[in-house]
>>> print(open('data-v3.cif').read())   # mmCIF, C-alpha atoms and all ligand atoms
data_my_file
loop_
_atom_site.label_atom_id
_atom_site.label_comp_id
_atom_site.auth_asym_id
_atom_site.auth_seq_id
_atom_site.Cartn_x
_atom_site.Cartn_y
_atom_site.Cartn_z
CA MET G 718 -13.92 -3.91 -18.66
CA THR G 719 -13.98 -5.56 -15.25
CA VAL G 720 -11.40 -4.85 -12.56
CA LEU G 721 -10.47 -7.68 -10.20
CA VAL G 722 -9.62 -6.47 -6.70
CA THR G 723 -7.86 -9.04 -4.52
CA GLY G 724 -8.22 -8.35 -0.81
CA GLY G 725 -11.26 -6.19 -1.54
CA THR G 726 -12.83 -6.82 1.87
CA GLU G 727 -9.77 -5.46 3.63
CA TYR G 728 -9.00 -1.92 4.66
CA ILE G 729 -7.47 -0.38 1.53
CA GLY G 730 -9.15 -2.78 -0.89
CA SER G 731 -12.65 -1.93 0.35
CA HIS G 732 -11.96 1.79 -0.24
CA MET G 733 -10.69 0.92 -3.70
CA VAL G 734 -13.90 -0.92 -4.55
CA HIS G 735 -15.97 2.15 -3.64
CA THR G 736 -13.69 4.42 -5.68
CA LEU G 737 -13.98 2.14 -8.73
CA LEU G 738 -17.77 1.83 -8.46
CA ASP G 739 -18.04 5.61 -7.98
CA ARG G 740 -16.23 5.91 -11.32
CA GLY G 741 -18.62 3.50 -13.04
CA ARG G 742 -16.25 0.51 -13.23
CA LYS G 743 -17.38 -3.11 -12.96
CA VAL G 744 -15.66 -4.81 -10.03
CA VAL G 745 -15.14 -8.36 -8.85
CA VAL G 746 -13.61 -8.91 -5.43
CA LEU G 747 -11.57 -12.00 -4.62
CA ASP G 748 -10.89 -12.54 -0.95
CA TYR G 749 -10.59 -15.45 1.46
CA LEU G 750 -11.83 -13.41 4.42
CA SER G 751 -8.86 -14.15 6.69
CA THR G 752 -9.09 -10.71 8.30
CA GLY G 753 -11.41 -8.85 5.94
CA VAL G 754 -15.06 -8.07 6.55
CA ARG G 755 -17.60 -9.23 3.96
CA ALA G 756 -19.99 -6.41 4.94
CA ASN G 757 -17.41 -3.83 3.84
CA VAL G 758 -17.73 -4.94 0.21
CA ALA G 759 -19.98 -2.57 -1.70
CA GLN G 760 -23.25 -4.22 -2.82
CA ASP G 761 -22.59 -3.50 -6.49
CA ALA G 762 -19.35 -5.52 -6.63
CA SER G 763 -19.33 -9.26 -7.37
CA PHE G 764 -17.67 -11.37 -4.70
CA VAL G 765 -15.66 -14.59 -5.00
CA LEU G 766 -14.48 -16.40 -1.89
CA GLY G 767 -11.01 -17.80 -2.50
CA SER G 768 -7.29 -17.32 -2.54
CA VAL G 769 -5.00 -15.81 -5.19
CA GLY G 770 -2.79 -18.87 -4.65
CA ASP G 771 -5.50 -21.07 -6.18
CA THR G 772 -4.42 -20.92 -9.83
CA ALA G 773 -7.39 -22.89 -11.22
CA LEU G 774 -9.84 -20.58 -9.44
CA MET G 775 -7.95 -17.47 -10.57
CA LYS G 776 -8.01 -18.53 -14.21
CA ARG G 777 -11.74 -19.25 -13.97
CA VAL G 778 -12.54 -15.90 -12.32
CA LEU G 779 -10.42 -13.95 -14.81
CA ALA G 780 -12.19 -15.63 -17.75
CA GLU G 781 -15.75 -15.66 -16.37
CA HIS G 782 -15.67 -11.97 -15.44
CA ALA G 783 -13.68 -10.89 -18.52
CA VAL G 784 -11.16 -9.20 -16.24
CA GLU G 785 -8.99 -6.56 -17.93
CA THR G 786 -7.03 -5.27 -14.96
CA VAL G 787 -6.03 -6.81 -11.64
CA ILE G 788 -5.44 -4.67 -8.56
CA HIS G 789 -3.68 -6.82 -6.00
CA PHE G 790 -4.09 -5.80 -2.36
CA SER G 791 -4.26 -9.11 -0.54
CA GLY G 792 -1.24 -9.90 1.58
CA SER G 793 0.14 -9.37 5.07
CA VAL G 794 1.19 -5.92 6.25
CA ILE G 795 2.42 -5.89 9.84
CA VAL G 796 6.15 -5.23 10.21
CA PRO G 797 6.75 -6.84 13.67
CA GLU G 798 4.64 -9.86 12.71
CA SER G 799 6.85 -10.29 9.63
CA VAL G 800 9.94 -10.39 11.87
CA GLU G 801 8.36 -13.12 14.02
CA ASN G 802 6.86 -15.09 11.14
CA PRO G 803 8.80 -14.46 7.93
CA ILE G 804 7.54 -17.65 6.26
CA LEU G 805 4.00 -16.28 6.46
CA TYR G 806 5.11 -13.07 4.77
CA TYR G 807 7.04 -14.70 1.93
CA SER G 808 4.12 -17.05 1.48
CA ASN G 809 1.26 -14.48 1.59
CA ASN G 810 3.12 -11.71 -0.21
CA THR G 811 5.76 -13.12 -2.55
CA PHE G 812 4.62 -16.66 -3.23
CA ALA G 813 0.92 -15.76 -3.60
CA SER G 814 1.84 -12.93 -5.99
CA LEU G 815 3.93 -15.34 -8.05
CA HIS G 816 0.88 -17.59 -8.50
CA LEU G 817 -1.32 -14.63 -9.33
CA VAL G 818 1.11 -13.23 -11.91
CA ASN G 819 1.42 -16.66 -13.51
CA ALA G 820 -2.38 -17.02 -13.68
CA PHE G 821 -3.03 -13.60 -15.19
CA ILE G 822 -0.23 -13.93 -17.77
CA HIS G 823 -1.78 -17.18 -18.98
CA SER G 824 -5.25 -15.64 -18.98
CA GLY G 825 -4.14 -12.74 -21.17
CA VAL G 826 -4.61 -9.93 -18.61
CA LYS G 827 -2.35 -7.05 -19.64
CA LYS G 828 -2.65 -4.54 -16.78
CA PHE G 829 -1.70 -5.02 -13.17
CA ILE G 830 -1.55 -2.70 -10.16
CA PHE G 831 0.40 -3.85 -7.14
CA SER G 832 0.40 -2.71 -3.49
CA SER G 833 4.01 -2.23 -2.59
CA THR G 834 5.39 -0.39 0.40
CA ALA G 835 7.83 2.22 1.64
CA ALA G 836 9.33 -0.60 3.70
CA VAL G 837 11.32 -1.57 0.57
CA TYR G 838 13.63 1.38 1.32
CA GLY G 839 14.68 0.44 4.88
CA ILE G 840 16.77 3.06 6.67
CA THR G 841 17.20 5.78 4.09
CA GLU G 842 20.23 7.99 3.60
CA ARG G 843 17.97 10.96 3.05
CA ASN G 844 14.34 11.96 3.37
CA PRO G 845 12.15 12.50 1.46
CA VAL G 846 13.12 9.30 -0.32
CA SER G 847 12.62 9.00 -4.07
CA GLU G 848 12.03 5.99 -6.30
CA LYS G 849 15.61 6.33 -7.56
CA ASP G 850 17.04 5.84 -4.06
CA GLU G 851 18.46 2.51 -3.04
CA THR G 852 16.11 -0.18 -1.74
CA ASN G 853 17.45 -1.92 1.32
CA PRO G 854 14.55 -3.34 3.34
CA ILE G 855 15.25 -4.13 6.99
CA ASN G 856 12.33 -6.47 7.66
CA PRO G 857 10.73 -9.50 5.97
CA TYR G 858 7.63 -7.45 5.10
CA GLY G 859 9.68 -5.02 3.00
CA ARG G 860 11.73 -7.83 1.48
CA SER G 861 8.67 -9.88 0.56
CA LYS G 862 7.24 -6.86 -1.29
CA LEU G 863 10.52 -5.91 -2.97
CA MET G 864 10.88 -9.48 -4.25
CA THR G 865 7.44 -9.12 -5.82
CA GLU G 866 8.49 -5.85 -7.50
CA TRP G 867 11.48 -7.70 -8.98
CA LEU G 868 9.25 -10.55 -10.09
CA LEU G 869 6.93 -8.07 -11.84
CA ASP G 870 9.81 -6.25 -13.47
CA ASP G 871 11.29 -9.47 -14.87
CA ALA G 872 7.92 -10.94 -15.90
CA ALA G 873 6.81 -7.72 -17.64
CA HIS G 874 9.98 -7.84 -19.74
CA ALA G 875 9.37 -11.43 -20.76
CA HIS G 876 5.56 -11.33 -21.16
CA ASP G 877 2.97 -9.04 -22.65
CA PHE G 878 1.67 -6.99 -19.67
CA ARG G 879 2.37 -3.66 -17.96
CA PHE G 880 2.19 -2.87 -14.25
CA VAL G 881 2.17 -0.01 -11.79
CA ALA G 882 3.63 -0.81 -8.36
CA LEU G 883 2.69 1.77 -5.74
CA ARG G 884 4.93 2.11 -2.71
CA TYR G 885 2.56 3.10 0.06
CA PHE G 886 3.82 5.16 2.94
CA ASN G 887 1.60 5.08 6.07
CA VAL G 888 -2.00 4.62 5.04
CA ALA G 889 -4.61 5.85 7.53
CA GLY G 890 -8.05 7.48 7.81
CA ALA G 891 -11.37 6.19 6.51
CA ASP G 892 -13.90 6.87 3.77
CA PRO G 893 -15.22 10.44 4.38
CA LYS G 894 -18.72 9.16 3.50
CA GLY G 895 -18.45 6.57 6.30
CA ARG G 896 -18.98 3.57 3.96
CA THR G 897 -15.89 1.66 5.08
CA GLY G 898 -12.82 1.93 7.27
CA GLN G 899 -10.22 -0.14 9.05
CA SER G 900 -12.26 -2.82 10.75
CA THR G 901 -9.90 -5.46 12.05
CA PRO G 902 -9.97 -5.48 15.88
CA ARG G 903 -6.34 -6.71 15.94
CA ALA G 904 -4.96 -3.69 14.10
CA THR G 905 -1.48 -2.58 15.11
CA HIS G 906 -1.14 0.66 13.14
CA LEU G 907 -0.59 3.88 15.05
CA ILE G 908 -3.61 6.02 14.13
CA LYS G 909 -6.05 3.14 14.50
CA ARG G 910 -4.55 2.16 17.87
CA ALA G 911 -4.56 5.77 19.06
CA CYS G 912 -8.27 6.12 18.17
CA GLN G 913 -8.99 2.86 20.00
CA ALA G 914 -7.10 4.18 23.05
CA ALA G 915 -9.06 7.44 22.95
CA LEU G 916 -12.30 5.43 22.99
CA GLY G 917 -11.13 3.12 25.77
CA ARG G 918 -11.04 0.08 23.45
CA VAL G 919 -7.44 -0.55 24.45
CA PRO G 920 -6.17 0.47 27.89
CA GLN G 921 -3.34 2.62 26.56
CA LEU G 922 -1.25 3.47 23.55
CA GLU G 923 2.34 2.31 23.68
CA ILE G 924 4.90 4.69 22.18
CA PHE G 925 7.43 2.34 20.59
CA GLY G 926 10.82 4.02 20.94
CA THR G 927 11.55 7.45 22.38
CA ASP G 928 15.26 7.44 21.54
CA PHE G 929 15.20 7.68 17.75
CA PRO G 930 17.39 10.40 16.20
CA THR G 931 14.30 12.52 15.41
CA ARG G 932 13.00 15.90 16.63
CA ASP G 933 11.21 14.42 19.66
CA GLY G 934 12.78 10.94 19.81
CA THR G 935 9.77 9.13 18.32
CA GLY G 936 9.39 7.60 14.85
CA ILE G 937 8.43 9.85 11.93
CA ARG G 938 6.11 8.67 9.14
CA ASP G 939 4.34 10.13 6.12
CA TYR G 940 0.63 9.44 6.70
CA ILE G 941 -1.54 9.33 3.56
CA HIS G 942 -5.35 9.29 3.58
CA VAL G 943 -6.71 5.99 2.27
CA SER G 944 -9.16 7.74 -0.10
CA ASP G 945 -6.33 9.72 -1.70
CA LEU G 946 -4.42 6.46 -2.09
CA ALA G 947 -7.42 4.78 -3.74
CA GLU G 948 -7.57 7.74 -6.12
CA VAL G 949 -3.94 7.12 -7.14
CA HIS G 950 -4.91 3.55 -8.11
CA ALA G 951 -7.82 4.85 -10.18
CA LEU G 952 -5.39 7.17 -11.98
CA ALA G 953 -2.96 4.28 -12.46
CA LEU G 954 -5.78 2.31 -14.08
CA GLU G 955 -6.41 5.15 -16.54
CA TYR G 956 -2.68 5.50 -17.15
CA LEU G 957 -2.30 1.83 -18.04
CA GLY G 958 -5.48 1.98 -20.12
CA ASP G 959 -3.92 4.83 -22.10
CA GLY G 960 -0.90 2.64 -22.86
CA GLY G 961 1.43 3.92 -20.11
CA GLU G 962 4.66 2.02 -19.46
CA SER G 963 5.36 0.05 -16.27
CA GLN G 964 6.13 2.28 -13.30
CA ILE G 965 7.07 2.07 -9.64
CA LEU G 966 5.86 5.12 -7.71
CA ASN G 967 5.86 6.43 -4.14
CA CYS G 968 2.53 7.30 -2.54
CA GLY G 969 2.71 9.76 0.32
CA TYR G 970 2.42 13.50 0.86
CA GLY G 971 6.07 14.39 1.34
CA ARG G 972 5.86 15.42 4.98
CA GLY G 973 6.34 13.48 8.19
CA PHE G 974 4.73 13.46 11.63
CA SER G 975 6.21 11.96 14.77
CA VAL G 976 4.32 9.53 17.00
CA ARG G 977 3.92 12.29 19.60
CA GLU G 978 2.57 14.72 17.00
CA VAL G 979 0.01 12.12 15.91
CA ILE G 980 -1.00 11.57 19.55
CA ASP G 981 -1.58 15.32 19.98
CA VAL G 982 -3.87 15.42 16.94
CA VAL G 983 -5.82 12.35 18.11
CA SER G 984 -6.30 13.98 21.56
CA LYS G 985 -7.48 17.18 19.88
CA VAL G 986 -9.91 15.45 17.51
CA SER G 987 -11.31 13.08 20.14
CA GLN G 988 -11.26 15.78 22.85
CA ARG G 989 -9.99 13.13 25.20
CA PRO G 990 -6.56 12.77 26.81
CA LEU G 991 -4.82 9.74 25.42
CA PRO G 992 -3.44 7.22 27.95
CA THR G 993 0.11 6.45 26.74
CA ARG G 994 3.09 4.43 27.92
CA GLU G 995 6.66 4.70 26.68
CA ALA G 996 7.93 1.33 25.45
CA PRO G 997 11.09 0.02 23.74
CA ARG G 998 11.51 0.27 19.96
CA ARG G 999 9.67 -2.31 17.91
CA ALA G 1000 11.72 -4.78 15.88
CA GLY G 1001 12.18 -3.69 12.28
CA ASP G 1002 11.11 -0.03 12.71
CA PRO G 1003 13.18 2.61 10.87
CA PRO G 1004 13.40 6.05 12.55
CA VAL G 1005 12.07 8.18 9.68
CA ILE G 1006 10.48 7.54 6.31
CA VAL G 1007 8.93 10.29 4.20
CA ALA G 1008 8.00 10.12 0.50
CA ASP G 1009 9.25 12.20 -2.35
CA CYS G 1010 5.92 12.09 -4.22
CA SER G 1011 6.85 14.35 -7.13
CA ARG G 1012 6.69 11.54 -9.68
CA VAL G 1013 3.20 10.28 -8.87
CA THR G 1014 2.04 13.88 -9.07
CA SER G 1015 3.70 14.57 -12.42
CA GLU G 1016 2.98 11.17 -14.05
CA PHE G 1017 -0.69 10.95 -13.07
CA GLY G 1018 -1.60 14.59 -12.39
CA TRP G 1019 -2.64 13.42 -8.91
CA GLN G 1020 -4.04 16.09 -6.62
CA PRO G 1021 -4.49 14.94 -3.04
CA ARG G 1022 -7.78 16.03 -1.47
CA HIS G 1023 -7.43 14.85 2.12
CA ASN G 1024 -3.83 15.74 2.93
CA HIS G 1025 -4.28 17.13 6.43
CA LEU G 1026 -3.40 15.01 9.43
CA GLU G 1027 -6.47 16.32 11.22
CA GLU G 1028 -8.75 15.06 8.43
CA ILE G 1029 -6.99 11.69 8.39
CA VAL G 1030 -7.48 11.37 12.14
CA SER G 1031 -11.07 12.71 12.11
CA THR G 1032 -12.22 10.16 9.54
CA ALA G 1033 -10.37 7.34 11.33
CA TYR G 1034 -11.90 8.39 14.65
CA ALA G 1035 -15.42 8.66 13.18
CA TRP G 1036 -15.08 5.12 11.81
CA GLU G 1037 -13.79 3.82 15.15
CA ARG G 1038 -16.76 5.36 16.96
CA ARG G 1039 -19.05 3.65 14.50
CA LEU G 1040 -17.40 0.28 15.22
CA ASN G 1041 -17.73 1.03 18.92
CA ALA G 1042 -21.45 1.63 18.58
CA ALA G 1043 -22.05 -1.54 16.55
N1 LIG R 1 3.74 3.07 16.78
C1 LIG R 1 3.65 3.29 18.15
N2 LIG R 1 2.64 2.66 18.84
C2 LIG R 1 1.73 1.84 18.26
C3 LIG R 1 1.83 1.62 16.85
C4 LIG R 1 2.86 2.25 16.16
O1 LIG R 1 4.46 4.01 18.72
O2 LIG R 1 0.85 1.29 18.94
C5 LIG R 1 4.78 3.75 16.00
C6 LIG R 1 5.72 2.82 15.25
O3 LIG R 1 6.80 2.44 16.08
C7 LIG R 1 6.14 3.71 14.07
C8 LIG R 1 4.89 4.54 13.79
O4 LIG R 1 4.13 4.50 14.99
O5 LIG R 1 7.17 4.61 14.46
C9 LIG R 1 4.05 3.97 12.66
O6 LIG R 1 3.85 2.61 12.89
P1 LIG R 1 2.70 1.79 12.16
O7 LIG R 1 2.63 0.44 12.81
O8 LIG R 1 1.45 2.59 12.13
O9 LIG R 1 3.19 1.67 10.65
P2 LIG R 1 4.59 1.14 10.02
O10 LIG R 1 5.42 2.38 9.82
O11 LIG R 1 5.19 0.16 10.96
O12 LIG R 1 4.19 0.51 8.74
#
>>> encode(input="data-v3.cif", output="structure tokens")
Amino acid sequence: MTVLVTGGTEYIGSHMVHTLLDRGRKVVVLDYLSTGVRANVAQDASFVLGSVGDTALMKRVLAEHAVETVIHFSGSVIVPESVENPILYYSNNTFASLHLVNAFIHSGVKKFIFSSTAAVYGITERNPVSEKDETNPINPYGRSKLMTEWLLDDAAHAHDFRFVALRYFNVAGADPKGRTGQSTPRATHLIKRACQAALGRVPQLEIFGTDFPTRDGTGIRDYIHVSDLAEVHALALEYLGDGGESQILNCGYGRGFSVREVIDVVSKVSQRPLPTREAPRRAGDPPVIVADCSRVTSEFGWQPRHNHLEEIVSTAYAWERRLNAA
């Protein structure tokens, strides 16, 4: 009954491992520690150092640990980096997933959960965007993930496995119990950077684009708490275990906040003014993206528990302070 979590030392993966162990699951983490932190892996999980691209290793791990389900988090997630280095993104996201899918098909694993992204939609005609809306990614990150969705769809028709692909909107916050959080010092994501700016870890927060066609000119995103997202995966695991069909589902809360609104909440939570600087738009950034999350709610009976921006920011800020003190 073991669950294999690839990328389990990383931000979302490490939360997932805690959620699975909290639910009494057996977990093995596979990670090559490119940006992850070994110390963030819960003690009760087994750990294998290696890459999902290593087919021989994958087959051995799947057999030795009697893995029933794979949850695949490892990959690269930074939109502007994907524009500068698309080969890295197709390699780490699409190509690595191809190897992983091939390995688990041949090992007889029948359930797979995949980290996809809202970036598969690109610039949407309407918001909130639903799973039925057109996918038209505008950056290599989104394309590399959409190609993997296609690969899964085709492979699940030809082979005996089912999958749930979850399209994450903007994941933020940290474990409310303080066990893990976003640890990479090079993080580029807004809430993490804003917390770092509040603590003086970076000199200022750049606001990328103030001329978007939005209510205050800055980009609007649907921020979802990482623990709520981990919960969706746990529900997906139960769903597949109960024989559910393959699904692709949005994961967000259905409401958007602008960059300036996020900055206000970070200032309020940290009780510090945030040093900011207006900067040009970043390559590959759409103006608005907000999830229609009605299907994940109806399919899984998901009930978010941390869906307040202030809670997302408070937990992220608490984790950042902890890193600061270390
Ligand atoms: N953003 C910003 N300053 C930063 C990081 C991000 O203004 O230091 C903006 C970014 O342009 C986007 C939003 O915040 O409008 C969310 O960006 P993030 O990198 O967190 O996630 P993405 O939506 O790119 O996956």
>>> residues_around(input="data-v3.cif", residues="Glu995 of chain G", least_positions_apart="4", cutoff="10 Å", atoms="all atoms listed in the file", output="number ranges by chain")
G: 922-927, 935
>>> closest_residue(input="data-v3.cif", among="G:Lys894, G:Glu1037, G:Pro997, G:Pro1003", to="Asn853 of chain G", atoms="all atoms listed in the file")
G:Pro1003
>>> atom_distance(input="data-v3.cif", atom1="atom CA of Arg1022 of chain G", atom2="atom O11 of ligand LIG 1 (chain R)")
24.0 Å
>>> residues_near_ligand(input="data-v3.cif", ligand="ligand LIG 1 (chain R)", cutoff="7 Å", atoms="all atoms listed in the file", output="ChimeraX atom specification")
/G:795-796,887,905-908,910,922-926,935-938,976,998-999,1002,1004
>>> closest_residue(input="data-v3.cif", among="G:Ile729, G:Leu766, G:Leu869, G:Ala836", to="His816 of chain G", atoms="all atoms listed in the file")
G:Leu869
>>> atom_distance(input="data-v3.cif", atom1="atom CA of Pro990 of chain G", atom2="atom CA of Pro902 of chain G")
21.5 Å
>>> atom_distance(input="data-v3.cif", atom1="atom CA of Ser833 of chain G", atom2="atom CA of Lys862 of chain G")
5.8 Å
>>> closest_atom_pairs(input="data-v3.cif", of="segment 825-934 of chain G", to="segment 958-966 of chain G", cutoff="7 Å", atoms="all atoms listed in the file", output="JSON lines")
{"residue": "G:Glu848", "atom": "CA", "partner": "G:Leu966", "partner_atom": "CA", "distance": 6.4}
{"residue": "G:Arg879", "atom": "CA", "partner": "G:Ser963", "partner_atom": "CA", "distance": 5.1}
{"residue": "G:Phe880", "atom": "CA", "partner": "G:Ser963", "partner_atom": "CA", "distance": 4.8}
{"residue": "G:Val881", "atom": "CA", "partner": "G:Gln964", "partner_atom": "CA", "distance": 4.8}
{"residue": "G:Ala882", "atom": "CA", "partner": "G:Ile965", "partner_atom": "CA", "distance": 4.7}
{"residue": "G:Leu883", "atom": "CA", "partner": "G:Leu966", "partner_atom": "CA", "distance": 5.0}
{"residue": "G:Arg884", "atom": "CA", "partner": "G:Leu966", "partner_atom": "CA", "distance": 5.9}
>>> axis_aligned_box(input="data-v3.cif", around="segment 865-875 of chain G", padding_each_side="3 Å", output="lines of an AutoDock Vina configuration file")
center_x = 9.1
center_y = -8.6
center_z = -13.3
size_x = 10.7
size_y = 11.6
size_z = 20.9
>>> residues_around(input="data-v3.cif", residues="Leu805 of chain G", least_positions_apart="5", cutoff="10 Å", atoms="all atoms listed in the file", output="list in words")
Gly792, Ser793, Glu798, Ser799, Val800, Asn810, Thr811, Phe812, Pro857, Tyr858 and Ser861 of chain G
>>> closest_residue(input="data-v3.cif", among="G:Ser847, G:Ser1011, G:Ser975, G:Ser944", to="Ala891 of chain G", atoms="all atoms listed in the file")
G:Ser944
>>> residues_around(input="data-v3.cif", residues="Ser814 of chain G", least_positions_apart="5", cutoff="9 Å", atoms="all atoms listed in the file", output="CSV table (one decimal) with C-alpha atoms, in the frame of the given file")
chain,number,residue,atom,x,y,z
G,769,VAL,CA,-5.0,-15.8,-5.2
G,770,GLY,CA,-2.8,-18.9,-4.6
G,789,HIS,CA,-3.7,-6.8,-6.0
G,792,GLY,CA,-1.2,-9.9,1.6
G,808,SER,CA,4.1,-17.0,1.5
G,809,ASN,CA,1.3,-14.5,1.6
G,819,ASN,CA,1.4,-16.7,-13.5
G,865,THR,CA,7.4,-9.1,-5.8
G,868,LEU,CA,9.2,-10.6,-10.1
>>> closest_residue(input="data-v3.cif", among="G:Ile788, G:Gly971, G:Arg1039, G:Val1005", to="His1025 of chain G", atoms="all atoms listed in the file")
G:Gly971
>>> residues_near_point(input="data-v3.cif", point="(-10.3, -2.7, 13.2)", cutoff="10 Å", atoms="only C-alpha atoms", output="tab-separated table (two decimals) with C-alpha atoms, in the coordinates of the input")
chain	number	residue	atom	x	y	z
G	727	GLU	CA	-9.77	-5.46	3.63
G	728	TYR	CA	-9.00	-1.92	4.66
G	752	THR	CA	-9.09	-10.71	8.30
G	753	GLY	CA	-11.41	-8.85	5.94
G	754	VAL	CA	-15.06	-8.07	6.55
G	898	GLY	CA	-12.82	1.93	7.27
G	899	GLN	CA	-10.22	-0.14	9.05
G	900	SER	CA	-12.26	-2.82	10.75
G	901	THR	CA	-9.90	-5.46	12.05
G	902	PRO	CA	-9.97	-5.48	15.88
G	903	ARG	CA	-6.34	-6.71	15.94
G	904	ALA	CA	-4.96	-3.69	14.10
G	905	THR	CA	-1.48	-2.58	15.11
G	906	HIS	CA	-1.14	0.66	13.14
G	909	LYS	CA	-6.05	3.14	14.50
G	910	ARG	CA	-4.55	2.16	17.87
G	913	GLN	CA	-8.99	2.86	20.00
G	1036	TRP	CA	-15.08	5.12	11.81
G	1037	GLU	CA	-13.79	3.82	15.15
G	1040	LEU	CA	-17.40	0.28	15.22
>>> residues_around(input="data-v3.cif", residues="Gly741 of chain G", least_positions_apart="3", cutoff="12 Å", atoms="all atoms listed in the file", output="JSON, numbers by chain")
{"G": [718, 719, 720, 734, 735, 736, 737, 738, 744, 761, 762, 951]}
>>> residues_around(input="data-v3.cif", residues="segment 984-987 of chain G", least_positions_apart="4", cutoff="12 Å", atoms="all atoms listed in the file", output="PyMOL selection string")
chain G and resi 908+911-917+922+977-980+991-993+1026-1035+1037-1038
>>> closest_residue(input="data-v3.cif", among="G:Leu779, G:Asn856, G:Lys828, G:Val794", to="Ile840 of chain G", atoms="only C-alpha atoms")
G:Asn856
>>> closest_residue(input="data-v3.cif", among="G:Gly725, G:Pro854, G:Gly767, G:Gly969", to="Gly1001 of chain G", atoms="only C-alpha atoms")
G:Pro854
>>> build_atoms(input="data-v3.cif", residues="segment 788-800 of chain G", atoms="N, CA and C atoms", output="PDB file, in the frame of the given file")
ATOM      1  N   ILE G 788      -6.051  -5.502  -9.609  1.00  0.00           N
ATOM      2  CA  ILE G 788      -5.440  -4.670  -8.560  1.00  0.00           C
ATOM      3  C   ILE G 788      -5.250  -5.592  -7.356  1.00  0.00           C
ATOM      4  N   HIS G 789      -4.014  -5.770  -6.972  1.00  0.00           N
ATOM      5  CA  HIS G 789      -3.680  -6.820  -6.000  1.00  0.00           C
ATOM      6  C   HIS G 789      -3.332  -6.223  -4.636  1.00  0.00           C
ATOM      7  N   PHE G 790      -4.314  -6.321  -3.711  1.00  0.00           N
ATOM      8  CA  PHE G 790      -4.090  -5.800  -2.360  1.00  0.00           C
ATOM      9  C   PHE G 790      -3.825  -6.913  -1.354  1.00  0.00           C
ATOM     10  N   SER G 791      -4.310  -8.124  -1.621  1.00  0.00           N
ATOM     11  CA  SER G 791      -4.260  -9.110  -0.540  1.00  0.00           C
ATOM     12  C   SER G 791      -2.807  -9.405  -0.180  1.00  0.00           C
ATOM     13  N   GLY G 792      -2.598  -9.655   1.085  1.00  0.00           N
ATOM     14  CA  GLY G 792      -1.240  -9.900   1.580  1.00  0.00           C
ATOM     15  C   GLY G 792      -1.198  -9.537   3.051  1.00  0.00           C
ATOM     16  N   SER G 793      -0.018  -9.669   3.643  1.00  0.00           N
ATOM     17  CA  SER G 793       0.140  -9.370   5.070  1.00  0.00           C
ATOM     18  C   SER G 793       0.983  -8.110   5.227  1.00  0.00           C
ATOM     19  N   VAL G 794       0.638  -7.288   6.229  1.00  0.00           N
ATOM     20  CA  VAL G 794       1.190  -5.920   6.250  1.00  0.00           C
ATOM     21  C   VAL G 794       1.766  -5.456   7.594  1.00  0.00           C
ATOM     22  N   ILE G 795       1.997  -6.367   8.517  1.00  0.00           N
ATOM     23  CA  ILE G 795       2.420  -5.890   9.840  1.00  0.00           C
ATOM     24  C   ILE G 795       3.910  -6.173  10.060  1.00  0.00           C
ATOM     25  N   VAL G 796       4.690  -5.097  10.156  1.00  0.00           N
ATOM     26  CA  VAL G 796       6.150  -5.230  10.210  1.00  0.00           C
ATOM     27  C   VAL G 796       6.610  -6.168  11.342  1.00  0.00           C
ATOM     28  N   PRO G 797       6.227  -5.938  12.618  1.00  0.00           N
ATOM     29  CA  PRO G 797       6.750  -6.840  13.670  1.00  0.00           C
ATOM     30  C   PRO G 797       6.307  -8.281  13.485  1.00  0.00           C
ATOM     31  N   GLU G 798       5.099  -8.487  12.960  1.00  0.00           N
ATOM     32  CA  GLU G 798       4.640  -9.860  12.710  1.00  0.00           C
ATOM     33  C   GLU G 798       5.538 -10.526  11.661  1.00  0.00           C
ATOM     34  N   SER G 799       5.993  -9.717  10.683  1.00  0.00           N
ATOM     35  CA  SER G 799       6.850 -10.290   9.630  1.00  0.00           C
ATOM     36  C   SER G 799       8.194 -10.721  10.189  1.00  0.00           C
ATOM     37  N   VAL G 800       8.668 -10.023  11.244  1.00  0.00           N
ATOM     38  CA  VAL G 800       9.940 -10.390  11.870  1.00  0.00           C
ATOM     39  C   VAL G 800       9.770 -11.716  12.613  1.00  0.00           C
TER      40      VAL G 800
END
